[in-house]
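What follows is a single structure, written as structure tokens, with notes after it.
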Amino acid sequence: MSTFTALDVQDVRFPTSRDLSGSDAMNPDPDYSAAYLTVRTDAGDAGTSLVFTIGRGNDVQGAAIAALAPHLVGRDVEEVLADLGGLHRRLTYDSQLRWLGPEKGVMTMAIGAVVNALWDLRARREGRPLWLALASMTPEELLDLVDLRYLEDALTREEALEILRRGAEGKQERIDALRERGVPAYTTTPGWLGYSDEKLTRLLHEAREDGFEMVKLKVGADPADDERRMRIAREVMGPGFPIAVDANQRWGAAEAIEAIRALAPHDPYWIEEPTYPDDVLAHAAIREAVAPVRIATGEQGANRVLFKQLLQAGAIDVLQADATRVAGISENLAILLLAAKFDVPVCPHAGGVGLCEMVQHLAFLDAVAIAGEDSRRRIEFVDHLHEHFEVPVRIEHGAYMPPEEPGGGARMHEASVRDHLFPDGPVWRELAAQDARVAAPSGPAPDASADTAARSTAAETATPAR
């Protein structure tokens, strides 16, 4: 028997705002960051997870994760890992934590971090990658992980079980096919809003050379710029090549309809996050007005209920699951089952540090054990920061290839974590020194980030739960 001894949370940030990697209409200067969780046991092993942020607020997310320690520390590891569906329900049903949501926002993402870290630990103990650990479960075992509360009007337990039983038929053949061919990726790497036209053009050519059969551009800052960049992309990639665009919630409903119609002559494959992510009726109205252009959303979806409503309302053509936005594997299983029920393809969001490594496991599970083969399925890829992970994603001929190493994919190299701790890691100290040299002698050196002083104070006063 072993027990949990600590939830260690670290504030890890990468200065991607320096070259505008990750920039879009709503987030012009992101620093790809992670509230990085290690769940430790007295047996000497650990589970790892993270919550992706873009810098400021990372400390708030870390504090929310640390607040969950009383639910885990001192408990029997084997007992918890044997009933991770029960653990998920205990965390999401905690009445005082629900008051902060319910089931949305920082607290839900903190629950997701804990649940995902426990799945990482369980997969490591089984010696399997997470996707295979989940795919090896029976339909009944998978369903026991899922909270169907609030979903019964769209997905009954009997329907969910039937989907999983269908997914069990021919599962080994699909696993073999997955290992041989992977799941197609699309790349957002060329399309960040802060990139010049020259860089956009060069990266589009590279994407085609690397075997990607779909790319995505960020839009929403300026209509003329959007049209010009889309025209460039169409000229480079040629007619019929799938080019998706992503507005990152920038538009109101009427504005979105007008903007999408303006881009329609360039044949966008889908329009992602055209408006406020929780506005189901606006998505439905936009989809009806701009058909046959597809509507995609999901990376900011807070819980399974929102996805249920989007599907019930016929508001989306593509569902974009995210590895760290909802309350972990259990909730994402519910979302995958809903998508299968409504025959909407799941094309996971992966634009952020660690998200490619984590969310691929959801897509692989969907491909082999839930929705099965689906030519519409693609996983987002961004070519940033993979070198910091122990098991980085593997892309071959424009497709994600499944990892065989144990775990859920979020574990970073110790040196990467140490070097990028905020605000006192070597990388951030060096950036502060560079800024000081640039600023001297005309004025005081700027902080490593606009809120360094506040974050330093928070770092001094916050203690991770142990």
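Ordering of the structure tokens sets the chain letters (A, B, ...), residue numbers begin anew at 1 in every chain, and ligands are numbered from 1 in the order given.
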Please tabulate, as CSV, the residues of region 113-168 of chain A that come within 12 Å of region 69-83 of chain A, each with its closest pair of atoms and the distance in Å to one decimal, counting only C-alpha atoms and ordering rows by chain, then residue number upward.
residue,atom,partner,partner_atom,distance
A:Ala113,CA,A:Ala69,CA,11.9
A:Val114,CA,A:Leu72,CA,9.2
A:Val115,CA,A:Leu81,CA,9.9
A:Asn116,CA,A:Leu81,CA,11.4
A:Ala117,CA,A:Leu81,CA,10.7
A:Leu118,CA,A:Leu81,CA,6.9
A:Trp119,CA,A:Leu81,CA,7.7
A:Asp120,CA,A:Leu81,CA,10.2
A:Leu121,CA,A:Leu81,CA,8.3
A:Arg122,CA,A:Leu81,CA,6.2
A:Ala123,CA,A:Leu81,CA,9.8
A:Arg124,CA,A:Leu81,CA,11.4
A:Arg125,CA,A:Leu81,CA,9.9
A:Glu126,CA,A:Leu81,CA,11.0
A:Glu141,CA,A:Asp83,CA,9.9
A:Leu142,CA,A:Asp83,CA,11.1
A:Asp144,CA,A:Asp83,CA,8.8
A:Leu145,CA,A:Asp83,CA,8.0
A:Val146,CA,A:Asp83,CA,11.5
Give me the residues near region 250-262 of chain A as a ChimeraX atom specification, where near means some atom within 9 Å (using only C-alpha atoms) and where sequence neighbours in that chain fewer than 3 positions away do not count. /A:25-26,219-221,223,227,247,265-266,268,271,273-276,282-283,285-287,289-290,293
Distance table requested - region 53-145 of chain A against region 27-40 of chain A, cut-off 6 Å, only C-alpha atoms: one row per qualifying residue with the closest atom pair and its distance in Å to one decimal, ordered by chain and rising residue number, as a tab-separated table.
residue	atom	partner	partner_atom	distance
A:Thr53	CA	A:Ser33	CA	5.1
A:Ile54	CA	A:Tyr32	CA	4.7
A:Gly55	CA	A:Asp31	CA	5.1
A:Asn58	CA	A:Ala35	CA	5.8
A:Gly62	CA	A:Ala35	CA	5.3
Close residues, Leu178 (chain A) itself excluded, 9 Å, only C-alpha atoms, min 4 positions apart in chain, as a PyMOL selection string: chain A and resi 173-174+182-183+364+367-368+401-402
Could you save the residues just selected, with C-alpha atoms, as an mmCIF file, in the first residue's frame?
data_model
loop_
_atom_site.group_PDB
_atom_site.id
_atom_site.type_symbol
_atom_site.label_atom_id
_atom_site.label_comp_id
_atom_site.auth_asym_id
_atom_site.auth_seq_id
_atom_site.Cartn_x
_atom_site.Cartn_y
_atom_site.Cartn_z
ATOM 1 C CA GLU A 173 -7.631 -3.667 -35.967
ATOM 2 C CA ARG A 174 -8.024 0.077 -35.458
ATOM 3 C CA GLY A 182 -1.472 7.721 -37.093
ATOM 4 C CA VAL A 183 -4.111 10.474 -37.147
ATOM 5 C CA PHE A 364 -6.323 8.247 -30.352
ATOM 6 C CA ALA A 367 -10.258 6.781 -33.088
ATOM 7 C CA VAL A 368 -9.882 3.277 -31.691
ATOM 8 C CA MET A 401 1.917 8.895 -34.509
ATOM 9 C CA PRO A 402 0.846 7.305 -31.212
#
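Rounded to one decimal, CA of Leu91 (chain A) and CA of Ile111 (chain A) lie 6.6 Å from each other.
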Which residues are close to His397 (chain A), i.e. within 10 Å by only C-alpha atoms, leaving aside same-chain residues fewer than 3 positions away? Reply as an MDAnalysis selection string. chainID A and resid 181:182 184:185 208:213 400:401
Those of region 306-432 of chain A in DSSP alpha helix (DSSP H), formatted as a ChimeraX atom specification: /A:306-312,329-342,355-365,414-419,426-432
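For the atom pair formed by CA of Pro406 (chain A) and CA of Leu362 (chain A), the distance is 15.0 Å, given to one decimal.
Every protein, DNA or RNA residue with an atom at most 10 Å from Ala154 (chain A), where only C-alpha atoms count and chain neighbours fewer than 4 positions away do not, is listed here: Leu148, Tyr150, Glu159, Val305, Lys308, Gln309, Leu311, Gln312, Leu338, Lys341 and Phe342 of chain A.
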Kindly save the residues from that selection, with N, CA and C atoms included, as a PDB file, in the first residue's frame.
ATOM      1  N   LEU A 148     -22.833  11.338 -16.199  1.00  0.00           N
ATOM      2  CA  LEU A 148     -23.904  11.647 -17.153  1.00  0.00           C
ATOM      3  C   LEU A 148     -24.941  12.610 -16.587  1.00  0.00           C
ATOM      4  N   TYR A 150     -26.947  15.749 -15.964  1.00  0.00           N
ATOM      5  CA  TYR A 150     -27.299  16.869 -16.831  1.00  0.00           C
ATOM      6  C   TYR A 150     -27.232  16.524 -18.323  1.00  0.00           C
ATOM      7  N   GLU A 159     -27.534   4.602 -24.338  1.00  0.00           N
ATOM      8  CA  GLU A 159     -26.959   5.054 -25.608  1.00  0.00           C
ATOM      9  C   GLU A 159     -25.428   5.122 -25.527  1.00  0.00           C
ATOM     10  N   VAL A 305     -21.843  20.190 -20.373  1.00  0.00           N
ATOM     11  CA  VAL A 305     -23.190  20.721 -20.601  1.00  0.00           C
ATOM     12  C   VAL A 305     -23.181  21.711 -21.766  1.00  0.00           C
ATOM     13  N   LYS A 308     -23.014  19.725 -24.881  1.00  0.00           N
ATOM     14  CA  LYS A 308     -24.328  19.125 -25.129  1.00  0.00           C
ATOM     15  C   LYS A 308     -25.241  20.121 -25.835  1.00  0.00           C
ATOM     16  N   GLN A 309     -25.283  21.355 -25.358  1.00  0.00           N
ATOM     17  CA  GLN A 309     -26.179  22.349 -25.936  1.00  0.00           C
ATOM     18  C   GLN A 309     -25.751  22.742 -27.349  1.00  0.00           C
ATOM     19  N   LEU A 311     -24.318  20.875 -29.479  1.00  0.00           N
ATOM     20  CA  LEU A 311     -24.695  19.764 -30.360  1.00  0.00           C
ATOM     21  C   LEU A 311     -26.207  19.686 -30.527  1.00  0.00           C
ATOM     22  N   GLN A 312     -26.950  19.859 -29.439  1.00  0.00           N
ATOM     23  CA  GLN A 312     -28.409  19.825 -29.547  1.00  0.00           C
ATOM     24  C   GLN A 312     -28.941  20.917 -30.461  1.00  0.00           C
ATOM     25  N   LEU A 338     -20.734  12.387 -26.471  1.00  0.00           N
ATOM     26  CA  LEU A 338     -21.745  13.280 -27.039  1.00  0.00           C
ATOM     27  C   LEU A 338     -21.476  13.524 -28.530  1.00  0.00           C
ATOM     28  N   LYS A 341     -22.508  10.555 -30.487  1.00  0.00           N
ATOM     29  CA  LYS A 341     -23.972  10.446 -30.573  1.00  0.00           C
ATOM     30  C   LYS A 341     -24.509  11.359 -31.686  1.00  0.00           C
ATOM     31  N   PHE A 342     -23.954  12.573 -31.809  1.00  0.00           N
ATOM     32  CA  PHE A 342     -24.456  13.538 -32.783  1.00  0.00           C
ATOM     33  C   PHE A 342     -23.685  13.495 -34.105  1.00  0.00           C
TER      34      PHE A 342
END
Contacts of Glu299 (chain A) at 10 Å (only C-alpha atoms; same-chain gap of 5+ positions) as a PDB file with C-alpha atoms, in the first residue's frame:
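As a result, result.pdb now contains:
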ATOM      1  CA  ASN A 248     -10.532  33.450 -31.189  1.00  0.00           C
ATOM      2  CA  GLU A 272     -13.130  28.568 -35.490  1.00  0.00           C
ATOM      3  CA  GLU A 273     -14.462  30.405 -32.425  1.00  0.00           C
ATOM      4  CA  PRO A 277     -17.613  30.562 -26.641  1.00  0.00           C
ATOM      5  CA  LEU A 319     -15.997  19.905 -31.918  1.00  0.00           C
ATOM      6  CA  GLN A 320     -12.594  20.955 -30.598  1.00  0.00           C
ATOM      7  CA  ALA A 321     -11.882  19.161 -27.328  1.00  0.00           C
ATOM      8  CA  ASP A 322      -9.136  20.550 -25.097  1.00  0.00           C
ATOM      9  CA  ALA A 323      -6.976  18.557 -22.688  1.00  0.00           C
ATOM     10  CA  THR A 324      -6.892  21.093 -19.832  1.00  0.00           C
ATOM     11  CA  ARG A 325      -9.996  23.290 -20.060  1.00  0.00           C
ATOM     12  CA  VAL A 326     -12.511  20.829 -18.556  1.00  0.00           C
ATOM     13  CA  PRO A 348      -8.794  18.522 -30.722  1.00  0.00           C
ATOM     14  CA  HIS A 349      -7.330  21.901 -29.888  1.00  0.00           C
ATOM     15  CA  ALA A 350      -3.596  21.823 -29.264  1.00  0.00           C
ATOM     16  CA  GLY A 351      -2.316  25.400 -29.545  1.00  0.00           C
TER      17      GLY A 351
END
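You can rank A:Ile329, A:Ala340, A:Ala302, A:Ala296 by their closest distance to Asp374 (chain A) using only C-alpha atoms, and at the top of that list sits A:Ala340.
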Long-range neighbours of Lys171 (chain A) as a list of chain:residue names, 7 Å cut-off, only C-alpha atoms, 4 positions minimum in chain: A:Gly167, A:Ile175, A:Val368, A:Ala369
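When only C-alpha atoms are used to compute distances to Trp270 (chain A), the closest of the residues A:Met1, A:Leu130, A:Met107, A:Val318 turns out to be A:Val318.
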Residues of region 289-422 of chain A in strand (DSSP E or B), written as a list of chain:residue names: A:Arg294, A:Ile295, A:Ala296, A:Thr297, A:Val318, A:Leu319, A:Val346, A:Ile379, A:Glu380, A:Phe381, A:Phe389, A:Arg394, A:Ile395, A:Glu396, A:Ala399, A:Tyr400, A:Met401, A:Gly407, A:Met412, A:Leu421
Would you mind exporting N, CA and C atoms of the selected residues as a compact mmCIF listing (two decimals), in the first residue's frame?
# COMPACT_ATOMS: atom_id res chain seq x y z
N ARG A 294 -18.08 25.68 -42.53
CA ARG A 294 -18.23 24.96 -41.25
C ARG A 294 -17.91 25.88 -40.08
N ILE A 295 -18.55 25.60 -38.95
CA ILE A 295 -18.30 26.31 -37.69
C ILE A 295 -17.68 25.34 -36.71
N ALA A 296 -16.57 25.76 -36.09
CA ALA A 296 -15.84 24.92 -35.14
C ALA A 296 -15.65 25.69 -33.84
N THR A 297 -15.72 24.98 -32.73
CA THR A 297 -15.41 25.61 -31.45
C THR A 297 -15.18 24.54 -30.39
N VAL A 318 -17.80 21.08 -36.13
CA VAL A 318 -16.56 20.48 -35.64
C VAL A 318 -16.45 20.78 -34.16
N LEU A 319 -16.16 19.74 -33.36
CA LEU A 319 -16.00 19.90 -31.92
C LEU A 319 -14.52 19.82 -31.58
N VAL A 346 -14.51 15.12 -33.84
CA VAL A 346 -13.70 15.76 -32.80
C VAL A 346 -12.33 16.03 -33.38
N ILE A 379 -5.98 16.52 -35.78
CA ILE A 379 -5.49 17.07 -34.51
C ILE A 379 -4.65 18.30 -34.82
N GLU A 380 -4.88 19.39 -34.10
CA GLU A 380 -4.08 20.58 -34.30
C GLU A 380 -2.63 20.33 -33.89
N PHE A 381 -1.71 20.94 -34.63
CA PHE A 381 -0.29 20.87 -34.30
C PHE A 381 0.31 22.27 -34.37
N PHE A 389 9.68 18.36 -23.43
CA PHE A 389 8.92 17.24 -22.90
C PHE A 389 9.68 15.93 -23.05
N ARG A 394 5.23 13.03 -32.00
CA ARG A 394 5.94 12.50 -33.16
C ARG A 394 5.05 12.68 -34.38
N ILE A 395 5.47 13.54 -35.29
CA ILE A 395 4.73 13.81 -36.52
C ILE A 395 5.47 13.18 -37.68
N GLU A 396 4.78 12.34 -38.44
CA GLU A 396 5.35 11.73 -39.62
C GLU A 396 4.41 11.92 -40.80
N ALA A 399 1.12 13.51 -39.92
CA ALA A 399 0.20 12.78 -39.05
C ALA A 399 0.83 12.59 -37.67
N TYR A 400 -0.03 12.64 -36.65
CA TYR A 400 0.39 12.28 -35.29
C TYR A 400 0.54 10.77 -35.21
N MET A 401 1.69 10.32 -34.73
CA MET A 401 1.92 8.89 -34.51
C MET A 401 1.81 8.61 -33.01
N GLY A 407 2.35 6.80 -19.74
CA GLY A 407 1.97 8.11 -19.22
C GLY A 407 1.10 8.91 -20.15
N MET A 412 7.64 17.20 -18.24
CA MET A 412 8.74 17.96 -18.83
C MET A 412 10.08 17.47 -18.27
N LEU A 421 11.11 28.55 -14.52
CA LEU A 421 10.29 28.97 -13.38
C LEU A 421 10.16 30.48 -13.37
